[in-house]
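Everything below belongs to protein_16.csv, which stores CSV, C-alpha atoms.
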chain,number,residue,atom,x,y,z
A,752,MET,CA,91.1,86.6,97.8
A,753,ASN,CA,91.4,84.6,101.0
A,754,THR,CA,93.9,85.7,103.7
A,755,ALA,CA,96.7,83.3,102.6
A,756,THR,CA,96.5,84.6,99.0
A,757,GLN,CA,96.4,88.2,100.2
A,758,LEU,CA,99.5,87.6,102.3
A,759,ASP,CA,101.2,85.8,99.4
A,760,ALA,CA,100.5,88.9,97.2
A,761,ALA,CA,101.5,91.4,99.9
A,762,PHE,CA,104.8,89.7,100.8
A,763,ALA,CA,105.7,89.2,97.1
A,764,ALA,CA,104.9,92.9,96.3
A,765,LEU,CA,107.3,94.0,99.1
A,766,ALA,CA,110.2,91.8,97.9
A,767,ASP,CA,111.4,94.6,95.6
A,768,PRO,CA,113.3,97.8,96.7
A,769,THR,CA,111.7,100.0,94.1
A,770,ARG,CA,108.2,99.0,95.2
A,771,ARG,CA,109.1,99.5,98.9
A,772,ALA,CA,110.5,103.0,98.0
A,773,ILE,CA,107.3,103.9,96.2
A,774,LEU,CA,105.2,103.0,99.3
A,775,GLU,CA,107.6,104.9,101.6
A,776,ARG,CA,107.2,108.0,99.3
A,777,LEU,CA,103.4,107.7,99.3
A,778,ALA,CA,103.5,107.3,103.1
A,779,THR,CA,105.7,110.3,103.9
A,780,GLN,CA,104.7,112.7,101.1
A,781,GLY,CA,101.1,111.7,100.2
A,782,ASP,CA,99.3,111.0,96.9
A,783,ALA,CA,101.4,111.3,93.7
A,784,SER,CA,101.0,110.7,90.0
A,785,VAL,CA,102.9,108.0,88.1
A,786,LEU,CA,105.2,110.7,86.7
A,787,GLU,CA,106.0,112.1,90.2
A,788,LEU,CA,106.6,108.6,91.5
A,789,ALA,CA,108.9,107.7,88.6
A,790,GLU,CA,111.1,110.8,89.1
A,791,PRO,CA,113.6,109.6,91.7
A,792,PHE,CA,114.2,106.3,89.8
A,793,ASP,CA,116.4,105.5,86.9
A,794,ILE,CA,113.9,103.3,85.3
A,795,SER,CA,111.3,103.7,82.5
A,796,LEU,CA,107.7,104.9,83.0
A,797,PRO,CA,106.3,101.5,81.8
A,798,ALA,CA,108.5,99.8,84.4
A,799,ILE,CA,107.1,102.0,87.2
A,800,SER,CA,103.5,101.4,85.9
A,801,LYS,CA,104.2,97.6,86.2
A,802,HIS,CA,105.4,98.0,89.8
A,803,LEU,CA,102.3,100.1,90.6
A,804,LYS,CA,100.1,97.3,89.1
A,805,VAL,CA,101.7,94.8,91.4
A,806,LEU,CA,101.2,97.1,94.4
A,807,GLU,CA,97.5,97.7,93.3
A,808,ARG,CA,96.8,94.0,93.0
A,809,ALA,CA,98.3,93.4,96.5
A,810,GLY,CA,96.0,96.2,97.9
A,811,PHE,CA,98.8,98.6,98.8
A,812,VAL,CA,97.8,101.3,96.3
A,813,SER,CA,94.6,102.6,95.0
A,814,ARG,CA,94.3,105.1,92.1
A,815,SER,CA,91.8,107.9,92.0
A,816,ARG,CA,89.5,108.2,88.9
A,817,ARG,CA,88.9,111.9,89.6
A,818,ALA,CA,91.8,113.7,88.1
A,819,GLN,CA,93.4,113.0,84.7
A,820,SER,CA,96.7,112.2,86.3
A,821,ARG,CA,94.9,109.5,88.4
A,822,PRO,CA,97.0,110.0,91.5
A,823,CYS,CA,98.2,107.0,93.5
A,824,GLN,CA,97.2,106.7,97.2
A,825,LEU,CA,98.7,104.4,99.9
A,826,ARG,CA,96.3,101.9,101.5
A,827,ALA,CA,97.6,100.9,104.9
A,828,GLU,CA,95.6,97.7,105.5
A,829,PRO,CA,98.1,95.2,104.0
A,830,LEU,CA,100.9,96.8,106.1
A,831,THR,CA,98.8,96.0,109.2
A,832,GLN,CA,98.2,92.4,108.1
A,833,ILE,CA,101.9,91.9,107.5
A,834,SER,CA,103.1,93.2,110.8
A,835,ARG,CA,100.3,91.2,112.5
A,836,TRP,CA,101.6,88.0,110.9
A,837,ALA,CA,105.2,88.7,111.8
A,838,ASP,CA,104.5,89.8,115.4
A,839,HIS,CA,102.2,86.8,116.0
A,840,THR,CA,104.8,84.3,114.8
A,841,ARG,CA,107.6,86.1,116.8
A,842,GLN,CA,105.4,86.2,120.0
A,843,ALA,CA,104.6,82.5,119.7
A,844,TRP,CA,108.3,81.8,119.5
A,845,GLU,CA,109.1,84.0,122.5
A,846,ALA,CA,106.3,82.4,124.5
A,847,ARG,CA,107.8,78.9,123.8
A,848,ILE,CA,111.2,80.1,124.9
A,849,ASP,CA,109.7,81.5,128.1
A,850,ARG,CA,107.9,78.3,128.9
A,851,LEU,CA,111.1,76.3,128.2
A,852,ASP,CA,113.1,78.7,130.6
A,853,ALA,CA,110.4,78.3,133.3
A,854,TYR,CA,110.6,74.4,132.9
A,855,VAL,CA,114.4,74.4,133.2
A,856,GLN,CA,114.3,76.6,136.4
A,857,LYS,CA,111.7,74.2,137.9
A,858,LEU,CA,113.9,71.2,137.2
A,859,GLN,CA,116.9,73.0,138.7
A,860,ALA,CA,114.9,73.9,141.8
A,861,GLN,CA,113.7,70.2,142.1
A,862,SER,CA,117.2,68.8,141.8
A,863,ALA,CA,118.5,71.2,144.5
A,864,LEU,CA,116.0,69.5,146.9
A,865,ILE,CA,117.3,65.9,146.2
A,866,PRO,CA,119.8,64.9,149.0
A,867,ARG,CA,123.3,64.2,147.7
A,868,ASN,CA,124.9,60.8,148.4
A,869,ASP,CA,127.4,60.2,151.2
A,870,LYS,CA,130.4,59.8,148.8
A,871,GLU,CA,130.0,63.3,147.4
A,872,ILE,CA,129.7,64.7,150.9
A,873,SER,CA,132.8,62.8,152.2
A,874,ASN,CA,134.8,64.0,149.2
A,875,GLU,CA,133.9,67.6,150.0
A,876,GLN,CA,135.1,67.1,153.6
A,877,ASP,CA,138.6,65.8,152.6
B,1103,MET,CA,123.9,91.3,102.4
B,1104,ASN,CA,122.8,94.9,102.9
B,1105,THR,CA,119.5,95.8,104.6
B,1106,ALA,CA,117.6,96.2,101.2
B,1107,THR,CA,118.8,92.8,100.0
B,1108,GLN,CA,118.0,91.2,103.4
B,1109,LEU,CA,114.4,92.7,103.2
B,1110,ASP,CA,114.1,91.5,99.6
B,1111,ALA,CA,115.0,88.0,100.6
B,1112,ALA,CA,112.9,88.0,103.8
B,1113,PHE,CA,109.7,89.3,102.0
B,1114,ALA,CA,110.2,86.9,99.0
B,1115,ALA,CA,110.6,84.0,101.5
B,1116,LEU,CA,107.3,84.8,103.2
B,1117,ALA,CA,105.3,85.0,99.9
B,1118,ASP,CA,104.5,81.3,100.1
B,1119,PRO,CA,102.0,79.6,102.4
B,1120,THR,CA,104.1,76.5,102.9
B,1121,ARG,CA,107.1,78.5,104.0
B,1122,ARG,CA,104.9,80.6,106.4
B,1123,ALA,CA,103.4,77.4,107.8
B,1124,ILE,CA,106.9,75.9,108.4
B,1125,LEU,CA,107.9,79.1,110.3
B,1126,GLU,CA,104.6,79.0,112.3
B,1127,ARG,CA,105.3,75.4,113.2
B,1128,LEU,CA,108.9,76.1,114.4
B,1129,ALA,CA,107.6,79.1,116.4
B,1130,THR,CA,104.9,77.2,118.3
B,1131,GLN,CA,106.4,73.7,118.6
B,1132,GLY,CA,110.1,74.3,118.5
B,1133,ASP,CA,113.0,72.8,116.6
B,1134,ALA,CA,112.2,70.0,114.1
B,1135,SER,CA,113.8,67.8,111.6
B,1136,VAL,CA,113.1,68.0,107.8
B,1137,LEU,CA,111.0,64.8,108.1
B,1138,GLU,CA,108.9,66.2,110.9
B,1139,LEU,CA,108.4,69.5,109.0
B,1140,ALA,CA,107.3,67.7,105.9
B,1141,GLU,CA,104.7,65.6,107.7
B,1142,PRO,CA,101.7,67.9,107.6
B,1143,PHE,CA,102.2,68.8,103.9
B,1144,ASP,CA,101.2,66.8,100.8
B,1145,ILE,CA,104.5,67.7,99.0
B,1146,SER,CA,107.7,65.8,98.5
B,1147,LEU,CA,110.7,65.8,100.8
B,1148,PRO,CA,113.0,67.5,98.1
B,1149,ALA,CA,110.3,70.2,97.8
B,1150,ILE,CA,110.3,70.8,101.6
B,1151,SER,CA,114.2,70.9,101.5
B,1152,LYS,CA,114.0,73.6,98.8
B,1153,HIS,CA,111.6,75.7,100.9
B,1154,LEU,CA,114.0,75.3,103.9
B,1155,LYS,CA,116.9,76.5,101.8
B,1156,VAL,CA,115.0,79.7,100.8
B,1157,LEU,CA,114.1,80.2,104.5
B,1158,GLU,CA,117.8,79.6,105.5
B,1159,ARG,CA,119.1,82.0,102.9
B,1160,ALA,CA,116.7,84.7,104.1
B,1161,GLY,CA,117.9,84.1,107.7
B,1162,PHE,CA,114.6,82.7,109.1
B,1163,VAL,CA,116.0,79.2,109.8
B,1164,SER,CA,119.3,77.8,111.0
B,1165,ARG,CA,120.2,74.1,111.1
B,1166,SER,CA,122.1,72.5,113.8
B,1167,ARG,CA,125.3,70.5,112.9
B,1168,ARG,CA,125.1,68.5,116.2
B,1169,ALA,CA,122.6,65.7,115.5
B,1170,GLN,CA,122.4,63.6,112.4
B,1171,SER,CA,118.8,64.8,111.8
B,1172,ARG,CA,120.2,68.4,111.7
B,1173,PRO,CA,117.1,69.9,113.3
B,1174,CYS,CA,115.8,73.3,112.0
B,1175,GLN,CA,115.5,76.2,114.4
B,1176,LEU,CA,113.6,79.5,113.9
B,1177,ARG,CA,115.6,82.7,114.0
B,1178,ALA,CA,113.4,85.7,114.9
B,1179,GLU,CA,115.6,88.6,113.7
B,1180,PRO,CA,114.1,88.9,110.1
B,1181,LEU,CA,110.6,88.8,111.6
B,1182,THR,CA,111.5,91.9,113.7
B,1183,GLN,CA,113.0,93.6,110.6
B,1184,ILE,CA,109.8,93.0,108.6
B,1185,SER,CA,107.4,94.3,111.3
B,1186,ARG,CA,109.7,97.3,111.8
B,1187,TRP,CA,109.6,98.2,108.1
B,1188,ALA,CA,105.8,97.8,107.9
B,1189,ASP,CA,105.2,99.7,111.2
B,1190,HIS,CA,107.5,102.5,110.2
B,1191,THR,CA,105.8,103.0,106.8
B,1192,ARG,CA,102.3,102.8,108.4
B,1193,GLN,CA,103.3,105.3,111.1
B,1194,ALA,CA,104.7,107.7,108.6
B,1195,TRP,CA,101.4,107.5,106.7
B,1196,GLU,CA,99.3,108.0,109.9
B,1197,ALA,CA,101.5,111.0,111.0
B,1198,ARG,CA,100.9,112.6,107.5
B,1199,ILE,CA,97.1,112.2,107.9
B,1200,ASP,CA,97.2,113.6,111.4
B,1201,ARG,CA,99.2,116.7,110.2
B,1202,LEU,CA,96.6,117.1,107.3
B,1203,ASP,CA,93.7,116.9,109.8
B,1204,ALA,CA,95.4,119.5,112.1
B,1205,TYR,CA,95.9,121.8,109.1
B,1206,VAL,CA,92.3,121.5,108.0
B,1207,GLN,CA,91.1,122.3,111.5
B,1208,LYS,CA,93.4,125.3,111.6
B,1209,LEU,CA,92.0,126.6,108.3
B,1210,GLN,CA,88.4,126.1,109.6
B,1211,ALA,CA,89.1,128.0,112.8
B,1212,GLN,CA,90.7,130.8,110.8
B,1213,SER,CA,87.7,131.1,108.4
B,1214,ALA,CA,85.3,131.3,111.4
B,1215,LEU,CA,87.2,134.5,112.5
B,1216,ILE,CA,86.8,136.2,109.1
B,1217,PRO,CA,83.8,138.7,109.2
B,1218,ARG,CA,81.3,137.7,106.6
B,1219,ASN,CA,80.3,140.3,104.0
B,1220,ASP,CA,77.0,142.4,104.3
B,1221,LYS,CA,75.2,140.6,101.5
B,1222,GLU,CA,75.4,137.2,103.2
B,1223,ILE,CA,74.2,138.7,106.5
B,1224,SER,CA,71.3,140.6,104.8
B,1225,ASN,CA,70.3,137.3,103.0
B,1226,GLU,CA,70.1,135.5,106.4
B,1227,GLN,CA,67.9,138.2,107.8
B,1228,ASP,CA,65.3,137.9,105.0

Written as structure tokens, how would this file's structure read?
Amino acid sequence: MNTATQLDAAFAALADPTRRAILERLATQGDASVLELAEPFDISLPAISKHLKVLERAGFVSRSRRAQSRPCQLRAEPLTQISRWADHTRQAWEARIDRLDAYVQKLQAQSALIPRNDKEISNEQD
Amino acid sequence: MNTATQLDAAFAALADPTRRAILERLATQGDASVLELAEPFDISLPAISKHLKVLERAGFVSRSRRAQSRPCQLRAEPLTQISRWADHTRQAWEARIDRLDAYVQKLQAQSALIPRNDKEISNEQD
């Protein structure tokens, strides 16, 4: 998978509240079996397995081959990729706004140096 | 929209390389019309408009009513929300690993203090 395809899969995997809740649970409480992960949700075991497959394909979850319960484990790498993309885009936007601000201030400073014409000055003296 | 629905929409919107490229373009080069945004892509204008609607609904883009070209503008708030969710989940995972490490070290330190039995010691002396 190239980076664009990885990002496609990672963002698509996170566009579902059950899948995000599964990842939050693995992050805070550690490895868990499919049965344990299904417990808090009012959905069927096959539905949970389907969600896990989406998370596995996107690289968020790996499953151990050791135990019979094949516990699920969080993998943090796609989370880093996602924040990196969002931060990078936001920082580019902020840098552009900063450059625009600096440019406006420069224009204002320049216009303050231009002598005003006599009419304006005489009006002020009235 | 509640936060979960907002995150659903934001993540779903970013699961497409064209939509991400549109946001990157708005971030680095500033406001642009639909025509300008369509230029680098080999897709139809209606397809670009459709992508923009998805980005608008997810809160990433707003469109000015001032000019006839109705330029598109990036809105950074959903980007912040997305990094916040990803960072928060990753940090919870890292904190868990750190606690686990500390616990293992504590166990190792405790086991070093337990006197070994005579048999082990006599074996070492052979």

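Among the candidates A:Leu777, A:Ala860, A:Cys823, A:Ala809, the one nearest to chain B when counting only C-alpha atoms is A:Leu777.
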
For a quick test of understanding: name the residues of chain B lying within 8 Å of chain A when counting only C-alpha atoms, and present them as a PyMOL selection string. chain B and resi 1106+1109-1114+1116-1119+1125-1126+1128-1132+1178+1181-1182+1184-1186+1188-1189+1191-1192+1194-1195+1198

Filtering to C-alpha atoms, could you give me those residues as an mmCIF file, keeping the file's coordinate frame?
data_model
loop_
_atom_site.group_PDB
_atom_site.id
_atom_site.type_symbol
_atom_site.label_atom_id
_atom_site.label_comp_id
_atom_site.auth_asym_id
_atom_site.auth_seq_id
_atom_site.Cartn_x
_atom_site.Cartn_y
_atom_site.Cartn_z
ATOM 1 C CA ALA B 1106 117.600 96.200 101.200
ATOM 2 C CA LEU B 1109 114.400 92.700 103.200
ATOM 3 C CA ASP B 1110 114.100 91.500 99.600
ATOM 4 C CA ALA B 1111 115.000 88.000 100.600
ATOM 5 C CA ALA B 1112 112.900 88.000 103.800
ATOM 6 C CA PHE B 1113 109.700 89.300 102.000
ATOM 7 C CA ALA B 1114 110.200 86.900 99.000
ATOM 8 C CA LEU B 1116 107.300 84.800 103.200
ATOM 9 C CA ALA B 1117 105.300 85.000 99.900
ATOM 10 C CA ASP B 1118 104.500 81.300 100.100
ATOM 11 C CA PRO B 1119 102.000 79.600 102.400
ATOM 12 C CA LEU B 1125 107.900 79.100 110.300
ATOM 13 C CA GLU B 1126 104.600 79.000 112.300
ATOM 14 C CA LEU B 1128 108.900 76.100 114.400
ATOM 15 C CA ALA B 1129 107.600 79.100 116.400
ATOM 16 C CA THR B 1130 104.900 77.200 118.300
ATOM 17 C CA GLN B 1131 106.400 73.700 118.600
ATOM 18 C CA GLY B 1132 110.100 74.300 118.500
ATOM 19 C CA ALA B 1178 113.400 85.700 114.900
ATOM 20 C CA LEU B 1181 110.600 88.800 111.600
ATOM 21 C CA THR B 1182 111.500 91.900 113.700
ATOM 22 C CA ILE B 1184 109.800 93.000 108.600
ATOM 23 C CA SER B 1185 107.400 94.300 111.300
ATOM 24 C CA ARG B 1186 109.700 97.300 111.800
ATOM 25 C CA ALA B 1188 105.800 97.800 107.900
ATOM 26 C CA ASP B 1189 105.200 99.700 111.200
ATOM 27 C CA THR B 1191 105.800 103.000 106.800
ATOM 28 C CA ARG B 1192 102.300 102.800 108.400
ATOM 29 C CA ALA B 1194 104.700 107.700 108.600
ATOM 30 C CA TRP B 1195 101.400 107.500 106.700
ATOM 31 C CA ARG B 1198 100.900 112.600 107.500
#

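Taking atom CA of B:Gln1175 as the reference point, atom CA of B:Arg1121 is found at 13.6 Å.
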
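Compared by their closest atoms to B:Ala1134, and using only C-alpha atoms, the residues B:Lys1155, B:Arg1172, B:Arg1167, B:Lys1208 rank with B:Arg1172 nearest.
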
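Atom CA of A:Asp782 is positioned 11.9 Å from atom CA of A:Ala818.
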
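Between atom CA of B:Leu1137 and atom CA of B:Ser1171 lies a distance of 8.6 Å.
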
Taking only C-alpha atoms into account, which of B:Ile1145, B:Ser1151, B:Gly1161, B:Asp1203 comes nearest B:Met1103? B:Gly1161

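Using all atoms listed in the file, the shortest contact distance between A:Ser784 and any of A:Asn753, A:Glu807, A:Ala798, A:Pro822 is found at A:Pro822.
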